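Engineer: Structure in structure tokens, see below.
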Amino acid sequence: MKIKNLYKQLFSEKQRLVTHLFFNKMTSIFYFGKQFSCNCCGCSFRKFKPKGNGLVERENAQCPYCGSLERTRLLLFYLRNETKLFSENVKLLHFAPEWSLYPIFKKAKNIEYFAVDLNPVLADQVVDIMAIPFADNSFDFIICSMVLGFVSDEPKAIKEMLRVLKPDGMALIQTLIDLQNPHTFETTDADTPEKRLQYYTEPDGERLHGTDFAQGLQTAGFQVETIDYAAQLGDDWHQKYALGNGCRELIFQCTKG
Ligand SMILES: [Zn+2]
């Protein structure tokens with residue numbers, strides 16, 4: 001514990017992040033194999049890394065090289081196969097950018113890319129999703145994965161995304177969903193990280209979405225299509241790319257109608 005604290009004192013958050021990403025790439029050689037593949041970095045492995053927070057553990061979740069997760073790999077398949085993100089000149093707003101997707105969007109010459117986060121270390125630009133500093137109807141695509149469970153005012157965040165999306169644009173949203181609960185759960189008792197973990201399975205969560213998640217998007221004015229793309233791709237792809245169990249991977253495709 002003391003060594004960890006010293007490491008935090010000696011190195012900035014940015015330095016620690018760069019070191020972490022570099023360390024992952026170097027150690028991915030220990031996962032050498034062919035059983036699993038990652039479409040984000042193009043590498044293959046004998047297994048993916050497990051991922052968890054002490055409460056929920058998932059086997060074969062994280063790419064050892066680029067850090068992609070089940071939901072990330074599935075989203076990239078969807079974006080490449082089913083949308084115009086990579087085939088037309090587009091403007092993309094990406095909240096809490098995944099480091100496995102960031103270089104792909106950054107390199108794409110057709111994409112004018114805005115990678116944003118509240119934390120300046122984690123993105124190119126600081127943006128609060130509840131007060132987005134862009135004009136109405138600005139973006140062709142918005143990607144917002146694992147964000148809405150963590151914001152204090154979710155309806156405001158959704159309305160802001162609706163506002164900055166072009167009339168013919170598309171927002172792709174993912175969140176953690178308790179598939180057994182028809183209602184999104186929030187409680188004022190969740191006032192410590194320990195309780196948030198217990199109630200929401202995330203120590204910094206603000207709620208745990210239920211299967212009514214799409215209704216909240218619709219209430220704000222979005223037209224929503226819920227897409228289980230892993231099921232559409234089929235079992236072979238599901239196993240090879242480890243595309244998750246549906247709790248985090250459903251894609252809510254939102255348009256202005
Ligand atoms: Zn990868």
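Following the order of the structure tokens, first chain is A, next is B, and so on, with residues numbered from 1 inside each chain and ligands from 1 in the order they appear.
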Hey, which residues sit close to ligand 1? Say within 8 Å, counting only C-alpha atoms and all ligand atoms, and write them as a PyMOL selection string.

Structural biologist: chain A and resi 37-43+62-68+100

Engineer: Would you mind exporting the chosen residues as a PDB file, in the first residue's frame, restricted to N, CA and C atoms?

Structural biologist:
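Written output follows (part.pdb):
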ATOM      1  N   SER A  37      -9.732 -13.150 -30.213  1.00  0.00           N
ATOM      2  CA  SER A  37      -9.226 -12.053 -31.036  1.00  0.00           C
ATOM      3  C   SER A  37      -9.851 -10.738 -30.604  1.00  0.00           C
ATOM      4  N   CYS A  38      -9.090  -9.680 -30.844  1.00  0.00           N
ATOM      5  CA  CYS A  38      -9.578  -8.333 -30.539  1.00  0.00           C
ATOM      6  C   CYS A  38      -9.650  -7.547 -31.833  1.00  0.00           C
ATOM      7  N   ASN A  39     -10.821  -7.062 -32.181  1.00  0.00           N
ATOM      8  CA  ASN A  39     -10.987  -6.289 -33.419  1.00  0.00           C
ATOM      9  C   ASN A  39     -10.536  -4.844 -33.258  1.00  0.00           C
ATOM     10  N   CYS A  40     -10.241  -4.416 -32.028  1.00  0.00           N
ATOM     11  CA  CYS A  40      -9.768  -3.046 -31.826  1.00  0.00           C
ATOM     12  C   CYS A  40      -8.284  -2.914 -32.181  1.00  0.00           C
ATOM     13  N   CYS A  41      -7.469  -3.890 -31.757  1.00  0.00           N
ATOM     14  CA  CYS A  41      -6.033  -3.819 -32.037  1.00  0.00           C
ATOM     15  C   CYS A  41      -5.595  -4.850 -33.074  1.00  0.00           C
ATOM     16  N   GLY A  42      -6.450  -5.823 -33.383  1.00  0.00           N
ATOM     17  CA  GLY A  42      -6.126  -6.832 -34.381  1.00  0.00           C
ATOM     18  C   GLY A  42      -5.277  -7.974 -33.863  1.00  0.00           C
ATOM     19  N   CYS A  43      -5.083  -8.054 -32.548  1.00  0.00           N
ATOM     20  CA  CYS A  43      -4.234  -9.109 -31.972  1.00  0.00           C
ATOM     21  C   CYS A  43      -5.077 -10.316 -31.542  1.00  0.00           C
ATOM     22  N   GLN A  62     -11.046  -8.354 -20.883  1.00  0.00           N
ATOM     23  CA  GLN A  62     -10.228  -7.231 -21.339  1.00  0.00           C
ATOM     24  C   GLN A  62      -9.074  -7.680 -22.224  1.00  0.00           C
ATOM     25  N   CYS A  63      -8.919  -6.998 -23.350  1.00  0.00           N
ATOM     26  CA  CYS A  63      -7.802  -7.307 -24.249  1.00  0.00           C
ATOM     27  C   CYS A  63      -6.481  -6.997 -23.539  1.00  0.00           C
ATOM     28  N   PRO A  64      -5.555  -7.963 -23.497  1.00  0.00           N
ATOM     29  CA  PRO A  64      -4.275  -7.717 -22.798  1.00  0.00           C
ATOM     30  C   PRO A  64      -3.443  -6.639 -23.469  1.00  0.00           C
ATOM     31  N   TYR A  65      -3.662  -6.390 -24.759  1.00  0.00           N
ATOM     32  CA  TYR A  65      -2.812  -5.432 -25.474  1.00  0.00           C
ATOM     33  C   TYR A  65      -3.396  -4.013 -25.434  1.00  0.00           C
ATOM     34  N   CYS A  66      -4.637  -3.856 -25.908  1.00  0.00           N
ATOM     35  CA  CYS A  66      -5.182  -2.497 -26.040  1.00  0.00           C
ATOM     36  C   CYS A  66      -6.174  -2.137 -24.942  1.00  0.00           C
ATOM     37  N   GLY A  67      -6.589  -3.128 -24.142  1.00  0.00           N
ATOM     38  CA  GLY A  67      -7.492  -2.833 -23.035  1.00  0.00           C
ATOM     39  C   GLY A  67      -8.962  -2.814 -23.402  1.00  0.00           C
ATOM     40  N   SER A  68      -9.290  -3.188 -24.635  1.00  0.00           N
ATOM     41  CA  SER A  68     -10.707  -3.174 -25.026  1.00  0.00           C
ATOM     42  C   SER A  68     -11.508  -4.122 -24.145  1.00  0.00           C
ATOM     43  N   SER A 100      -8.927   2.045 -26.286  1.00  0.00           N
ATOM     44  CA  SER A 100      -8.816   1.111 -27.405  1.00  0.00           C
ATOM     45  C   SER A 100      -9.475   1.668 -28.664  1.00  0.00           C
TER      46      SER A 100
END

Engineer: Looking at A:Lys159, A:Glu82, A:Pro182, A:Leu208, which one is nearest to Tyr229 of chain A, with distances taken over only C-alpha atoms?

Structural biologist: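 Distance minimum relative to Tyr229 of chain A lands on A:Glu82.
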
Engineer: Kindly indicate which residue among A:Lys47, A:Arg58, A:Arg207, A:Lys256 lies nearest to Ser152 of chain A, using only C-alpha atoms for the distances.

Structural biologist: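 Closest residue, counting only C-alpha atoms: A:Arg207.
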
Engineer: Out of segment 6-236 of chain A, which residues get strand (DSSP E or B) from DSSP, as JSON, numbers by chain?

Structural biologist: {"A": [32, 33, 34, 35, 36, 37, 44, 45, 49, 50, 51, 52, 57, 58, 59, 60, 61, 62, 90, 91, 92, 93, 94, 95, 111, 112, 113, 114, 115, 116, 117, 125, 126, 128, 131, 139, 140, 141, 142, 143, 144, 145, 165, 166, 167, 168, 169, 170, 171, 172, 173, 174, 177, 185, 208, 209, 223, 224, 225, 226, 227]}

Engineer: Enter the distance from atom CA of Leu21 of chain A to atom CA of Gln35 of chain A, in Å, rounded to one decimal.

Structural biologist: 22.8 Å

Engineer: So, counting only C-alpha atoms, which residue among A:Leu243, A:Ala231, A:Val18, A:Val151 is closest to Trp99 of chain A?

Structural biologist: A:Val18

Engineer: Taking 3 positions as the minimum chain separation for residues in the same chain, which residues sit within 8 Å of Leu148 of chain A when counting only C-alpha atoms? Answer as a PyMOL selection string.

Structural biologist: chain A and resi 144-145+151+154+157+175

Engineer: Which one of A:Ser44, A:Asn89, A:Asn24, A:Gln223 sits closest to Thr255 of chain A if you count only C-alpha atoms?

Structural biologist: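 So, comparing all the options, the nearest one is A:Gln223.
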
Engineer: Closest to Gln125 of chain A among A:Ala61, A:Ala214, A:Ile111, A:Leu93, using only C-alpha atoms?

Structural biologist: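 Under the stated criterion, the closest residue is A:Leu93.
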
Engineer: Would you list, as a count of residues only, the residues of segment 4-225 of chain A that end up in alpha helix (DSSP H) under DSSP run on this structure's backbone?

Structural biologist: 68

Engineer: Identify, on the basis of only C-alpha atoms, every residue whose closest approach to Phe150 of chain A does not exceed 12 Å; exclude the query and any residue fewer than 3 positions from it along the same chain; express the result as an MDAnalysis selection string.

Structural biologist: chainID A and resid 96 118 129:130 144:147 153:154 157 175:176 186 196 200:209

Engineer: When you draw a straight line from atom CA of Ile143 of chain A to atom CA of Ile104 of chain A, how long is it in Å?

Structural biologist: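 The value is 13.6 Å.
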
Engineer: Using only C-alpha atoms, can you tell me which of A:Ser138, A:Gln232, A:Gln239, A:Asn245 comes closest to Phe77 of chain A?

Structural biologist: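 Smallest distance to Phe77 of chain A is found for A:Gln232.
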
Engineer: Can you tell me, as a compact mmCIF listing (two decimals) with N, CA and C atoms, in the first residue's frame, what residues are no more than 8 Å from segment 166-170 of chain A when counting only C-alpha atoms, ignoring any on the same chain fewer than 4 positions away?

Structural biologist:
# COMPACT_ATOMS: atom_id res chain seq x y z
N ASP A 136 -26.17 23.77 -31.00
CA ASP A 136 -27.21 22.82 -31.37
C ASP A 136 -26.86 22.17 -32.71
N ASN A 137 -27.26 20.94 -32.89
CA ASN A 137 -27.15 20.25 -34.19
C ASN A 137 -25.71 20.24 -34.73
N SER A 138 -24.74 19.92 -33.89
CA SER A 138 -23.33 19.99 -34.29
C SER A 138 -22.74 18.66 -34.77
N PHE A 139 -23.25 17.53 -34.27
CA PHE A 139 -22.53 16.28 -34.47
C PHE A 139 -23.33 15.23 -35.25
N ASP A 140 -22.59 14.51 -36.12
CA ASP A 140 -23.20 13.40 -36.86
C ASP A 140 -23.30 12.17 -35.98
N PHE A 141 -22.29 11.98 -35.11
CA PHE A 141 -22.28 10.83 -34.21
C PHE A 141 -21.91 11.26 -32.79
N ILE A 142 -22.58 10.62 -31.84
CA ILE A 142 -22.18 10.75 -30.43
C ILE A 142 -21.99 9.33 -29.90
N GLN A 253 -29.41 2.80 -29.94
CA GLN A 253 -29.17 3.69 -31.08
C GLN A 253 -30.25 4.77 -31.07
N CYS A 254 -29.79 6.00 -30.87
CA CYS A 254 -30.74 7.11 -30.67
C CYS A 254 -30.67 8.09 -31.82
N THR A 255 -31.84 8.45 -32.35
CA THR A 255 -31.92 9.45 -33.41
C THR A 255 -32.99 10.47 -33.04
N LYS A 256 -33.00 11.55 -33.83
CA LYS A 256 -34.01 12.58 -33.55
C LYS A 256 -35.33 12.26 -34.25
N GLY A 257 -35.34 11.14 -34.99
CA GLY A 257 -36.58 10.69 -35.62
C GLY A 257 -36.87 11.39 -36.94

Engineer: Which distance in Å separates atom CA of Asp212 of chain A and atom CA of Thr184 of chain A, to one decimal?

Structural biologist: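 Calculated distance between atom CA of Asp212 of chain A and atom CA of Thr184 of chain A is 6.5 Å.
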